[in-house]
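Visitor: To be precise about what I am sending: the file is called coords.pdb and holds PDB, C-alpha atoms, pLDDT in the B column.
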ATOM      1  CA  MET A   3     -17.960 -48.067 -15.984  1.00 79.00           C
ATOM      2  CA  ILE A   4     -16.497 -46.724 -12.743  1.00 77.00           C
ATOM      3  CA  GLU A   5     -12.706 -46.511 -12.765  1.00 85.00           C
ATOM      4  CA  ASN A   6     -10.257 -47.586 -10.090  1.00 88.00           C
ATOM      5  CA  GLY A   7      -8.841 -45.001  -7.699  1.00 92.00           C
ATOM      6  CA  TYR A   8      -6.406 -44.273  -4.869  1.00 94.00           C
ATOM      7  CA  SER A   9      -6.842 -44.379  -1.101  1.00 94.00           C
ATOM      8  CA  GLU A  10      -6.556 -40.906   0.426  1.00 94.00           C
ATOM      9  CA  ASP A  11      -6.041 -42.389   3.894  1.00 94.00           C
ATOM     10  CA  ALA A  12      -3.090 -44.432   2.647  1.00 95.00           C
ATOM     11  CA  PHE A  13      -1.488 -41.338   1.117  1.00 96.00           C
ATOM     12  CA  ARG A  14      -1.990 -39.284   4.265  1.00 94.00           C
ATOM     13  CA  GLN A  15      -0.118 -41.926   6.205  1.00 92.00           C
ATOM     14  CA  ALA A  16       2.616 -42.011   3.574  1.00 93.00           C
ATOM     15  CA  GLU A  17       2.980 -38.224   3.667  1.00 92.00           C
ATOM     16  CA  GLN A  18       3.736 -38.393   7.382  1.00 89.00           C
ATOM     17  CA  THR A  19       6.850 -40.419   6.595  1.00 82.00           C
ATOM     18  CA  VAL A  20       8.250 -38.054   3.950  1.00 79.00           C
ATOM     19  CA  GLY A  21       7.666 -34.670   5.576  1.00 61.00           C
ATOM     20  CA  VAL A  22       5.548 -31.623   4.956  1.00 41.00           C
ATOM     21  CA  GLY A  23       5.582 -30.284   1.401  1.00 40.00           C
ATOM     22  CA  VAL A  24       6.604 -33.395  -0.463  1.00 40.00           C
ATOM     23  CA  GLY A  25       3.823 -34.643  -2.687  1.00 36.00           C
ATOM     24  CA  VAL A  26       2.189 -31.264  -3.164  1.00 33.00           C
ATOM     25  CA  GLY A  27       4.111 -30.141  -6.221  1.00 34.00           C
ATOM     26  CA  VAL A  28       7.387 -29.194  -4.533  1.00 36.00           C
ATOM     27  CA  SER A  29      10.489 -30.365  -6.371  1.00 40.00           C
ATOM     28  CA  VAL A  30      12.279 -33.047  -4.402  1.00 52.00           C
ATOM     29  CA  GLY A  31      15.447 -33.081  -6.496  1.00 50.00           C
ATOM     30  CA  GLY A  32      18.541 -32.527  -4.370  1.00 58.00           C
ATOM     31  CA  THR A  33      22.236 -32.618  -5.110  1.00 71.00           C
ATOM     32  CA  GLY A  34      22.135 -36.223  -6.374  1.00 88.00           C
ATOM     33  CA  PRO A  35      20.635 -37.526  -9.605  1.00 95.00           C
ATOM     34  CA  ARG A  36      16.990 -36.962 -10.380  1.00 96.00           C
ATOM     35  CA  VAL A  37      14.984 -40.128  -9.750  1.00 96.00           C
ATOM     36  CA  LEU A  38      12.476 -41.338 -12.354  1.00 97.00           C
ATOM     37  CA  LEU A  39      10.464 -44.121 -10.723  1.00 98.00           C
ATOM     38  CA  HIS A  40       8.449 -46.996 -12.132  1.00 98.00           C
ATOM     39  CA  SER A  41       6.667 -48.787  -9.307  1.00 97.00           C
ATOM     40  CA  GLY A  42       5.497 -52.319 -10.092  1.00 96.00           C
ATOM     41  CA  VAL A  43       5.749 -55.162 -12.561  1.00 97.00           C
ATOM     42  CA  VAL A  44       7.599 -54.655 -15.861  1.00 98.00           C
ATOM     43  CA  TYR A  45       6.081 -57.234 -18.202  1.00 96.00           C
ATOM     44  CA  PRO A  46       8.480 -58.174 -21.040  1.00 96.00           C
ATOM     45  CA  ASP A  47       5.561 -58.104 -23.489  1.00 93.00           C
ATOM     46  CA  TRP A  48       3.100 -55.519 -22.169  1.00 93.00           C
ATOM     47  CA  ARG A  49       5.441 -53.067 -20.458  1.00 96.00           C
ATOM     48  CA  SER A  50       8.723 -53.626 -22.226  1.00 97.00           C
ATOM     49  CA  PRO A  51      11.261 -50.823 -21.650  1.00 98.00           C
ATOM     50  CA  VAL A  52      13.237 -51.636 -24.814  1.00 98.00           C
ATOM     51  CA  ARG A  53      12.471 -48.367 -26.640  1.00 98.00           C
ATOM     52  CA  LEU A  54      12.952 -46.378 -23.440  1.00 98.00           C
ATOM     53  CA  PHE A  55      16.362 -47.930 -22.810  1.00 98.00           C
ATOM     54  CA  GLU A  56      17.333 -47.218 -26.424  1.00 98.00           C
ATOM     55  CA  ALA A  57      16.313 -43.593 -25.909  1.00 98.00           C
ATOM     56  CA  LEU A  58      18.311 -43.433 -22.676  1.00 98.00           C
ATOM     57  CA  ALA A  59      21.321 -44.887 -24.493  1.00 98.00           C
ATOM     58  CA  ALA A  60      21.070 -42.248 -27.223  1.00 98.00           C
ATOM     59  CA  ALA A  61      20.743 -39.427 -24.677  1.00 98.00           C
ATOM     60  CA  LYS A  62      23.717 -40.799 -22.762  1.00 98.00           C
ATOM     61  CA  ALA A  63      25.845 -41.092 -25.909  1.00 98.00           C
ATOM     62  CA  ALA A  64      24.987 -37.504 -26.804  1.00 97.00           C
ATOM     63  CA  GLY A  65      26.088 -36.310 -23.371  1.00 97.00           C
ATOM     64  CA  ARG A  66      22.651 -35.099 -22.325  1.00 96.00           C
ATOM     65  CA  ILE A  67      22.429 -37.430 -19.326  1.00 97.00           C
ATOM     66  CA  ASP A  68      24.706 -39.543 -17.156  1.00 97.00           C
ATOM     67  CA  ALA A  69      24.477 -41.371 -13.839  1.00 97.00           C
ATOM     68  CA  SER A  70      25.169 -38.159 -11.911  1.00 96.00           C
ATOM     69  CA  ARG A  71      22.055 -36.517 -13.379  1.00 96.00           C
ATOM     70  CA  LEU A  72      19.478 -39.294 -13.748  1.00 97.00           C
ATOM     71  CA  LYS A  73      18.577 -42.562 -12.071  1.00 97.00           C
ATOM     72  CA  LEU A  74      15.767 -44.710 -13.481  1.00 98.00           C
ATOM     73  CA  ARG A  75      14.523 -46.768 -10.539  1.00 97.00           C
ATOM     74  CA  LEU A  76      12.447 -49.824 -11.371  1.00 98.00           C
ATOM     75  CA  ARG A  77      10.795 -51.039  -8.195  1.00 97.00           C
ATOM     76  CA  ALA A  78       9.543 -54.633  -7.929  1.00 97.00           C
ATOM     77  CA  THR A  79       9.708 -55.474 -11.648  1.00 98.00           C
ATOM     78  CA  ALA A  80       9.146 -59.234 -11.075  1.00 98.00           C
ATOM     79  CA  HIS A  81      11.411 -59.661 -14.142  1.00 98.00           C
ATOM     80  CA  ASP A  82      14.746 -58.337 -12.912  1.00 98.00           C
ATOM     81  CA  ASP A  83      16.846 -60.683 -15.028  1.00 98.00           C
ATOM     82  CA  PHE A  84      15.143 -59.538 -18.223  1.00 98.00           C
ATOM     83  CA  VAL A  85      15.520 -55.860 -17.336  1.00 98.00           C
ATOM     84  CA  ARG A  86      19.112 -56.238 -16.148  1.00 98.00           C
ATOM     85  CA  GLU A  87      20.224 -58.023 -19.339  1.00 98.00           C
ATOM     86  CA  LEU A  88      18.494 -55.397 -21.460  1.00 98.00           C
ATOM     87  CA  ALA A  89      20.121 -52.532 -19.569  1.00 98.00           C
ATOM     88  CA  GLN A  90      23.554 -54.111 -19.894  1.00 98.00           C
ATOM     89  CA  ARG A  91      23.101 -54.857 -23.583  1.00 98.00           C
ATOM     90  CA  LEU A  92      22.110 -51.269 -24.337  1.00 98.00           C
ATOM     91  CA  ASP A  93      24.819 -49.799 -22.073  1.00 98.00           C
ATOM     92  CA  VAL A  94      22.478 -48.049 -19.643  1.00 98.00           C
ATOM     93  CA  ALA A  95      23.052 -50.261 -16.593  1.00 98.00           C
ATOM     94  CA  ASP A  96      24.657 -47.295 -14.812  1.00 98.00           C
ATOM     95  CA  LEU A  97      21.404 -45.342 -15.236  1.00 98.00           C
ATOM     96  CA  VAL A  98      19.063 -48.138 -14.169  1.00 98.00           C
ATOM     97  CA  GLU A  99      18.472 -49.225 -10.574  1.00 97.00           C
ATOM     98  CA  LEU A 100      16.563 -52.447  -9.895  1.00 97.00           C
ATOM     99  CA  ALA A 101      14.902 -52.262  -6.497  1.00 96.00           C
ATOM    100  CA  PRO A 102      13.144 -55.029  -4.522  1.00 96.00           C
ATOM    101  CA  PRO A 103       9.492 -55.059  -3.442  1.00 95.00           C
ATOM    102  CA  ILE A 104       8.593 -52.987  -0.380  1.00 94.00           C
ATOM    103  CA  PRO A 105       5.416 -52.629   1.719  1.00 93.00           C
ATOM    104  CA  TYR A 106       2.561 -50.691   0.114  1.00 93.00           C
ATOM    105  CA  ALA A 107       2.831 -47.672   2.409  1.00 92.00           C
ATOM    106  CA  ASP A 108       6.552 -47.417   1.648  1.00 93.00           C
ATOM    107  CA  ALA A 109       5.847 -47.658  -2.086  1.00 95.00           C
ATOM    108  CA  LEU A 110       3.459 -44.695  -1.850  1.00 96.00           C
ATOM    109  CA  ALA A 111       6.023 -42.712   0.132  1.00 95.00           C
ATOM    110  CA  GLU A 112       8.594 -43.445  -2.565  1.00 95.00           C
ATOM    111  CA  MET A 113       6.221 -42.062  -5.217  1.00 96.00           C
ATOM    112  CA  LEU A 114       5.916 -38.874  -3.170  1.00 95.00           C
ATOM    113  CA  ARG A 115       9.706 -38.543  -2.973  1.00 94.00           C
ATOM    114  CA  ALA A 116      10.428 -39.273  -6.649  1.00 96.00           C
ATOM    115  CA  ASP A 117      11.306 -36.444  -9.015  1.00 96.00           C
ATOM    116  CA  GLY A 118       9.243 -38.068 -11.775  1.00 97.00           C
ATOM    117  CA  LEU A 119       7.066 -41.133 -12.314  1.00 98.00           C
ATOM    118  CA  LEU A 120       7.000 -43.518 -15.277  1.00 98.00           C
ATOM    119  CA  LEU A 121       4.045 -45.365 -16.814  1.00 98.00           C
ATOM    120  CA  LEU A 122       4.586 -48.223 -19.283  1.00 98.00           C
ATOM    121  CA  GLN A 123       1.650 -49.737 -21.191  1.00 97.00           C
ATOM    122  CA  SER A 124       1.636 -51.464 -24.578  1.00 97.00           C
ATOM    123  CA  ASN A 125      -0.998 -50.948 -27.263  1.00 97.00           C
ATOM    124  CA  ASP A 126      -2.231 -54.466 -26.490  1.00 96.00           C
ATOM    125  CA  CYS A 127      -3.628 -52.984 -23.268  1.00 96.00           C
ATOM    126  CA  ASN A 128      -5.385 -49.893 -24.595  1.00 96.00           C
ATOM    127  CA  ASP A 129      -8.562 -50.746 -22.669  1.00 95.00           C
ATOM    128  CA  GLN A 130      -6.722 -51.162 -19.370  1.00 93.00           C
ATOM    129  CA  ILE A 131      -5.380 -48.571 -16.930  1.00 95.00           C
ATOM    130  CA  PRO A 132      -2.759 -49.660 -14.359  1.00 94.00           C
ATOM    131  CA  ALA A 133      -3.916 -49.059 -10.783  1.00 93.00           C
ATOM    132  CA  LYS A 134      -0.677 -47.157 -10.188  1.00 96.00           C
ATOM    133  CA  ALA A 135      -1.817 -44.464 -12.648  1.00 97.00           C
ATOM    134  CA  TYR A 136      -4.313 -43.153 -10.089  1.00 96.00           C
ATOM    135  CA  GLU A 137      -1.694 -43.298  -7.341  1.00 97.00           C
ATOM    136  CA  TYR A 138       0.684 -41.376  -9.591  1.00 98.00           C
ATOM    137  CA  LEU A 139      -1.910 -38.618  -9.912  1.00 97.00           C
ATOM    138  CA  ARG A 140      -2.294 -38.367  -6.141  1.00 97.00           C
ATOM    139  CA  ALA A 141       1.485 -38.312  -5.688  1.00 97.00           C
ATOM    140  CA  ARG A 142       1.426 -34.983  -7.557  1.00 96.00           C
ATOM    141  CA  ARG A 143       4.646 -35.596  -9.419  1.00 96.00           C
ATOM    142  CA  PRO A 144       5.484 -35.166 -13.134  1.00 98.00           C
ATOM    143  CA  VAL A 145       4.601 -38.284 -15.141  1.00 98.00           C
ATOM    144  CA  LEU A 146       6.199 -39.681 -18.297  1.00 98.00           C
ATOM    145  CA  THR A 147       3.531 -41.811 -19.996  1.00 98.00           C
ATOM    146  CA  LEU A 148       4.733 -44.356 -22.538  1.00 98.00           C
ATOM    147  CA  ALA A 149       1.414 -45.702 -23.774  1.00 98.00           C
ATOM    148  CA  ASP A 150      -0.590 -45.533 -26.988  1.00 98.00           C
ATOM    149  CA  PRO A 151      -2.028 -41.988 -27.243  1.00 98.00           C
ATOM    150  CA  ALA A 152      -5.336 -43.547 -28.338  1.00 97.00           C
ATOM    151  CA  GLY A 153      -5.518 -45.821 -25.275  1.00 97.00           C
ATOM    152  CA  ASP A 154      -7.294 -45.251 -21.984  1.00 97.00           C
ATOM    153  CA  THR A 155      -4.094 -44.783 -19.952  1.00 97.00           C
ATOM    154  CA  ALA A 156      -2.741 -41.969 -22.101  1.00 98.00           C
ATOM    155  CA  GLN A 157      -6.134 -40.295 -22.273  1.00 97.00           C
ATOM    156  CA  LEU A 158      -6.386 -40.318 -18.474  1.00 96.00           C
ATOM    157  CA  MET A 159      -3.014 -38.632 -18.168  1.00 98.00           C
ATOM    158  CA  ARG A 160      -3.849 -36.018 -20.797  1.00 97.00           C
ATOM    159  CA  ARG A 161      -7.113 -35.185 -19.036  1.00 96.00           C
ATOM    160  CA  ALA A 162      -5.021 -34.633 -15.914  1.00 98.00           C
ATOM    161  CA  GLY A 163      -2.887 -32.069 -17.758  1.00 98.00           C
ATOM    162  CA  LEU A 164       0.173 -34.310 -18.182  1.00 98.00           C
ATOM    163  CA  PRO A 165       1.443 -33.816 -21.753  1.00 97.00           C
ATOM    164  CA  HIS A 166       4.539 -36.053 -21.914  1.00 98.00           C
ATOM    165  CA  ASN A 167       3.229 -39.049 -23.849  1.00 98.00           C
ATOM    166  CA  ALA A 168       4.408 -41.379 -26.624  1.00 98.00           C
ATOM    167  CA  ALA A 169       3.468 -44.891 -27.643  1.00 98.00           C
ATOM    168  CA  LEU A 170       5.597 -47.495 -25.887  1.00 98.00           C
ATOM    169  CA  GLU A 171       6.482 -49.114 -29.227  1.00 98.00           C
ATOM    170  CA  ASP A 172       7.390 -45.855 -31.042  1.00 98.00           C
ATOM    171  CA  GLY A 173      11.167 -45.562 -30.833  1.00 98.00           C
ATOM    172  CA  PRO A 174      11.544 -42.030 -32.294  1.00 98.00           C
ATOM    173  CA  GLY A 175       8.496 -40.866 -30.346  1.00 98.00           C
ATOM    174  CA  VAL A 176       9.859 -42.223 -27.071  1.00 98.00           C
ATOM    175  CA  ALA A 177      13.236 -40.567 -27.685  1.00 98.00           C
ATOM    176  CA  ALA A 178      11.614 -37.211 -28.437  1.00 98.00           C
ATOM    177  CA  VAL A 179       9.255 -37.218 -25.457  1.00 98.00           C
ATOM    178  CA  LEU A 180      12.017 -38.415 -23.118  1.00 98.00           C
ATOM    179  CA  ASP A 181      14.183 -35.464 -24.151  1.00 98.00           C
ATOM    180  CA  ARG A 182      11.311 -33.020 -23.564  1.00 98.00           C
ATOM    181  CA  PHE A 183      10.377 -34.597 -20.250  1.00 98.00           C
ATOM    182  CA  LEU A 184      13.927 -34.558 -18.901  1.00 97.00           C
ATOM    183  CA  ASP A 185      14.508 -31.008 -20.080  1.00 97.00           C
ATOM    184  CA  ASP A 186      11.379 -29.882 -18.221  1.00 97.00           C
ATOM    185  CA  LEU A 187      12.303 -31.978 -15.187  1.00 96.00           C
ATOM    186  CA  PHE A 188      15.866 -30.667 -14.938  1.00 95.00           C
ATOM    187  CA  HIS A 189      14.697 -27.071 -15.317  1.00 94.00           C
ATOM    188  CA  GLY A 190      11.719 -27.331 -12.957  1.00 92.00           C
ATOM    189  CA  HIS A 191       9.090 -26.848 -15.664  1.00 93.00           C
ATOM    190  CA  ALA A 192       7.504 -30.311 -15.736  1.00 95.00           C
ATOM    191  CA  ALA A 193       3.708 -30.261 -15.559  1.00 97.00           C
ATOM    192  CA  LEU A 194       1.972 -31.620 -12.475  1.00 97.00           C
ATOM    193  CA  PRO A 195      -1.436 -33.328 -12.337  1.00 98.00           C
ATOM    194  CA  ALA A 196      -4.399 -30.956 -12.246  1.00 97.00           C
ATOM    195  CA  ALA A 197      -6.236 -30.706  -8.918  1.00 97.00           C
ATOM    196  CA  PRO A 198      -9.674 -31.665 -10.340  1.00 96.00           C
ATOM    197  CA  ALA A 199      -8.236 -34.828 -11.878  1.00 96.00           C
ATOM    198  CA  ILE A 200      -6.619 -35.779  -8.577  1.00 96.00           C
ATOM    199  CA  ALA A 201      -9.849 -35.270  -6.653  1.00 95.00           C
ATOM    200  CA  ALA A 202     -11.869 -37.253  -9.208  1.00 93.00           C
ATOM    201  CA  ALA A 203      -9.487 -40.215  -8.952  1.00 92.00           C
ATOM    202  CA  SER A 204      -9.964 -40.789  -5.223  1.00 92.00           C
ATOM    203  CA  ARG A 205     -11.860 -43.860  -4.080  1.00 81.00           C
ATOM    204  CA  GLU A 206     -14.192 -41.560  -2.156  1.00 85.00           C
ATOM    205  CA  SER A 207     -15.093 -39.845  -5.417  1.00 78.00           C
ATOM    206  CA  ARG A 208     -15.511 -43.206  -7.159  1.00 78.00           C
ATOM    207  CA  SER A 209     -17.862 -44.327  -4.362  1.00 80.00           C
ATOM    208  CA  GLY A 210     -19.915 -41.211  -5.007  1.00 78.00           C
ATOM    209  CA  GLU A 211     -20.144 -42.194  -8.674  1.00 68.00           C
ATOM    210  CA  LEU A 212     -21.375 -45.649  -7.687  1.00 81.00           C
ATOM    211  CA  ALA A 213     -23.976 -44.171  -5.340  1.00 82.00           C
ATOM    212  CA  ARG A 214     -25.310 -41.945  -8.119  1.00 81.00           C
ATOM    213  CA  VAL A 215     -25.552 -44.910 -10.495  1.00 84.00           C
ATOM    214  CA  LEU A 216     -27.448 -46.942  -7.895  1.00 86.00           C
ATOM    215  CA  ASP A 217     -29.765 -44.012  -7.169  1.00 84.00           C
ATOM    216  CA  GLU A 218     -30.570 -43.731 -10.871  1.00 85.00           C
ATOM    217  CA  ALA A 219     -31.095 -47.467 -11.210  1.00 88.00           C
ATOM    218  CA  CYS A 220     -33.462 -47.598  -8.231  1.00 91.00           C
ATOM    219  CA  ALA A 221     -35.405 -44.421  -8.995  1.00 85.00           C
ATOM    220  CA  PRO A 222     -39.099 -44.887  -9.814  1.00 82.00           C
ATOM    221  CA  GLN A 223     -39.627 -44.918 -13.558  1.00 75.00           C
ATOM    222  CA  MET A 224     -42.155 -42.452 -14.940  1.00 66.00           C
ATOM    223  CA  PRO A 225     -44.376 -44.016 -17.609  1.00 65.00           C
ATOM    224  CA  THR A 226     -43.755 -42.835 -21.132  1.00 62.00           C
ATOM    225  CA  ALA A 227     -46.416 -41.030 -23.106  1.00 59.00           C
ATOM    226  CA  GLU A 228     -47.083 -44.179 -25.112  1.00 63.00           C
ATOM    227  CA  ALA A 229     -47.595 -46.233 -21.956  1.00 56.00           C
ATOM    228  CA  ARG A 230     -50.062 -43.819 -20.346  1.00 54.00           C
ATOM    229  CA  PRO A 231     -53.779 -44.754 -20.621  1.00 56.00           C
TER     230      PRO A 231
END
Let's see the structure in the file written out as C-alpha cells.
Guide:
Amino acid sequence: MIENGYSEDAFRQAEQTVGVGVGVGVSVGGTGPRVLLHSGVVYPDWRSPVRLFEALAAAKAAGRIDASRLKLRLRATAHDDFVRELAQRLDVADLVELAPPIPYADALAEMLRADGLLLLQSNDCNDQIPAKAYEYLRARRPVLTLADPAGDTAQLMRRAGLPHNAALEDGPGVAAVLDRFLDDLFHGHAALPAAPAIAAASRESRSGELARVLDEACAPQMPTAEARP
C-alpha cells in the first residue's frame, strides 16, 4: 500500500502568503491567544470532540487556560450546529471558534500560521489516515493527535516524532495529553515533525514508491532452481 501525501508546490505557494520563516519550526504565537487548529470536517461519530471539550472545560475551571491564552479554531466542520451546542453545553464556547470553509491554498497557509494542529480520529477508523495528517506534517507545527494509539493515524504521528497522543474516546487520557501538549506549547517545547517523515510524506516521494513497485512488478523473473531443466 502506498499512502497519501501532500503537494510541495501547493505549500510553496502558501508559504509566499505567510512570510519567510513561518512553517519551518518557528513559533508563530504572538501577543494574542495561541491557536490550535483543526482543519476539516468534524464528524459527530468518527471525530467527536466531546472528550476534548470536557478536557478543555476542566482546564478552564482549574484556571490553566482561558480565552486570552487559547483559541481552538475548527475550520469547515460541516457540523457547526453540533459543535456549537456541545461547546455551549460544556461551557467552552469562549475557547472555541467555528470558522467557515476557505480555498485550499488559504487552508494550507492557515496551517502554517497556527501555533498547533489537531487531529481527531475514532477507533472505528484505525485503518484510515486523514489526508490532512500529511499536510500537518509538512506544515511543521506541533500536533495533538487524538486517535487510538494502535491505529494507523497515531502510528504515523509517532513515527514522525510527535508524542502527544491519546485515544479520542479516552476521557482521562485526553485530559492528560491536552495538559502536556499545552504546557509544551505555551513554553515553546512542543515537538515538531521530523524532517525524514516530512520528506517521505510528499507526493513526489510517494510517486517514487509507486515507480519502484512497478519496476519490481515488471522485472524479468529468474527461474527458480526447481523450474530449471
Visitor: Evaluate the PyMOL selection byres ((chain A and resi 86-88) around 10) against this structure - the residues, as a list in words, please.
Guide: Ser50, Pro51, Val52, Phe55, Glu56, His81, Asp82, Asp83, Phe84, Val85, Ala89, Gln90, Arg91, Leu92, Asp93, Val94, Ala95, Val98, Glu99 and Leu100 of chain A
Visitor: Skip segment 121-129 of chain A itself and residues of its chain fewer than 6 positions away, then list as a ChimeraX atom specification all residues within 6 Å of it, counting all atoms listed in the file.
Guide: /A:48-49,147-150,153-154,170
Visitor: Any chance you could export the current selection's C-alpha atoms as a short mmCIF file (atom, residue, chain, number, x, y, z; two decimals), in the frame of the given file?
Guide:
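To be explicit, this is the file written out as result_31.cif:
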data_model
loop_
_atom_site.label_atom_id
_atom_site.label_comp_id
_atom_site.auth_asym_id
_atom_site.auth_seq_id
_atom_site.Cartn_x
_atom_site.Cartn_y
_atom_site.Cartn_z
CA TRP A 48 3.10 -55.52 -22.17
CA ARG A 49 5.44 -53.07 -20.46
CA THR A 147 3.53 -41.81 -20.00
CA LEU A 148 4.73 -44.36 -22.54
CA ALA A 149 1.41 -45.70 -23.77
CA ASP A 150 -0.59 -45.53 -26.99
CA GLY A 153 -5.52 -45.82 -25.28
CA ASP A 154 -7.29 -45.25 -21.98
CA LEU A 170 5.60 -47.50 -25.89
#
Visitor: Please provide the set of residues having any atom within 9 Å of Ala203 of chain A, restricted to only C-alpha atoms, with same-chain residues fewer than 5 positions apart removed, written as a ChimeraX atom specification.
Guide: /A:5-8,136-137,139-140,198,208
Visitor: Can I get the selection written as a short mmCIF file (atom, residue, chain, number, x, y, z; two decimals), keeping the file's coordinate frame, with C-alpha atoms?
Guide:
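result02.cif, freshly written:
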data_model
loop_
_atom_site.label_atom_id
_atom_site.label_comp_id
_atom_site.auth_asym_id
_atom_site.auth_seq_id
_atom_site.Cartn_x
_atom_site.Cartn_y
_atom_site.Cartn_z
CA GLU A 5 -12.71 -46.51 -12.76
CA ASN A 6 -10.26 -47.59 -10.09
CA GLY A 7 -8.84 -45.00 -7.70
CA TYR A 8 -6.41 -44.27 -4.87
CA TYR A 136 -4.31 -43.15 -10.09
CA GLU A 137 -1.69 -43.30 -7.34
CA LEU A 139 -1.91 -38.62 -9.91
CA ARG A 140 -2.29 -38.37 -6.14
CA PRO A 198 -9.67 -31.66 -10.34
CA ARG A 208 -15.51 -43.21 -7.16
#
Visitor: My list of candidates is A:Glu17, A:Asp117, A:Asp96, A:Asp68. Which is closest to Arg36 of chain A when distances are computed with only C-alpha atoms?
Guide: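 Of the candidates, the smallest distance to Arg36 of chain A is held by A:Asp117.
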Visitor: Pull out every residue that the PyMOL selection byres ((chain A and resi 37) around 7) matches in the shown coordinates and put them as an mmCIF file with C-alpha atoms, in the coordinates of the input.
Guide:
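Here's the written file part10.cif:
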data_model
loop_
_atom_site.group_PDB
_atom_site.id
_atom_site.type_symbol
_atom_site.label_atom_id
_atom_site.label_comp_id
_atom_site.auth_asym_id
_atom_site.auth_seq_id
_atom_site.Cartn_x
_atom_site.Cartn_y
_atom_site.Cartn_z
ATOM 1 C CA PRO A 35 20.635 -37.526 -9.605
ATOM 2 C CA ARG A 36 16.990 -36.962 -10.380
ATOM 3 C CA LEU A 38 12.476 -41.338 -12.354
ATOM 4 C CA LEU A 39 10.464 -44.121 -10.723
ATOM 5 C CA LEU A 72 19.478 -39.294 -13.748
ATOM 6 C CA LYS A 73 18.577 -42.562 -12.071
ATOM 7 C CA LEU A 74 15.767 -44.710 -13.481
ATOM 8 C CA ARG A 75 14.523 -46.768 -10.539
ATOM 9 C CA ALA A 116 10.428 -39.273 -6.649
ATOM 10 C CA ASP A 117 11.306 -36.444 -9.015
ATOM 11 C CA GLY A 118 9.243 -38.068 -11.775
#
Visitor: So which residues touch Leu110 of chain A within 7 Å, counting all atoms listed in the file, skipping near sequence neighbours fewer than 4 positions away, as number ranges by chain?
Guide: A: 13, 16, 106, 114
Visitor: Measuring atom to atom with only C-alpha atoms, identify which of A:Asp172, A:Asp185, A:Glu206, A:Asp217 is nearest to Ala61 of chain A.
Guide: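 Of all the options, A:Asp185 lies closest to Ala61 of chain A.
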Visitor: Excluding Gly163 of chain A and any residue of its chain fewer than 2 positions from it, enumerate the residues within 12 Å of it, using only C-alpha atoms, and give them as an NGL selection string.
Guide: :A and (139 or 142-147 or 156-161 or 165-167 or 192-200)
Visitor: Rounded to one decimal, what separation in Å do you get between atom CA of Gln15 of chain A and atom CA of Gln130 of chain A?
Guide: 28.0 Å
Visitor: Have a look at A:Val176, A:Ser70, A:Gln223, A:Arg77 and name the one nearest to Glu112 of chain A; count all atoms listed in the file.
Guide: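 The closest residue to Glu112 of chain A is A:Arg77.
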Visitor: For a test of reading the model, state the distance in Å between atom CA of Asp186 of chain A and atom CA of Asp108 of chain A, rounded to one decimal.
Guide: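 Pair atom CA of Asp186 of chain A / atom CA of Asp108 of chain A returns 26.9 Å.
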Visitor: Could you tell me how far atom CA of Pro105 of chain A lies from atom CA of Pro46 of chain A, in Å and to one decimal?
Guide: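 It comes out at 23.6 Å.
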Visitor: Check the smallest atom-to-atom distance from each of A:Arg14, A:Thr33, A:Thr19, A:Pro151 to Phe188 of chain A using only C-alpha atoms, then report the winner.
Guide: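 Closest to Phe188 of chain A, using only C-alpha atoms: A:Thr33.
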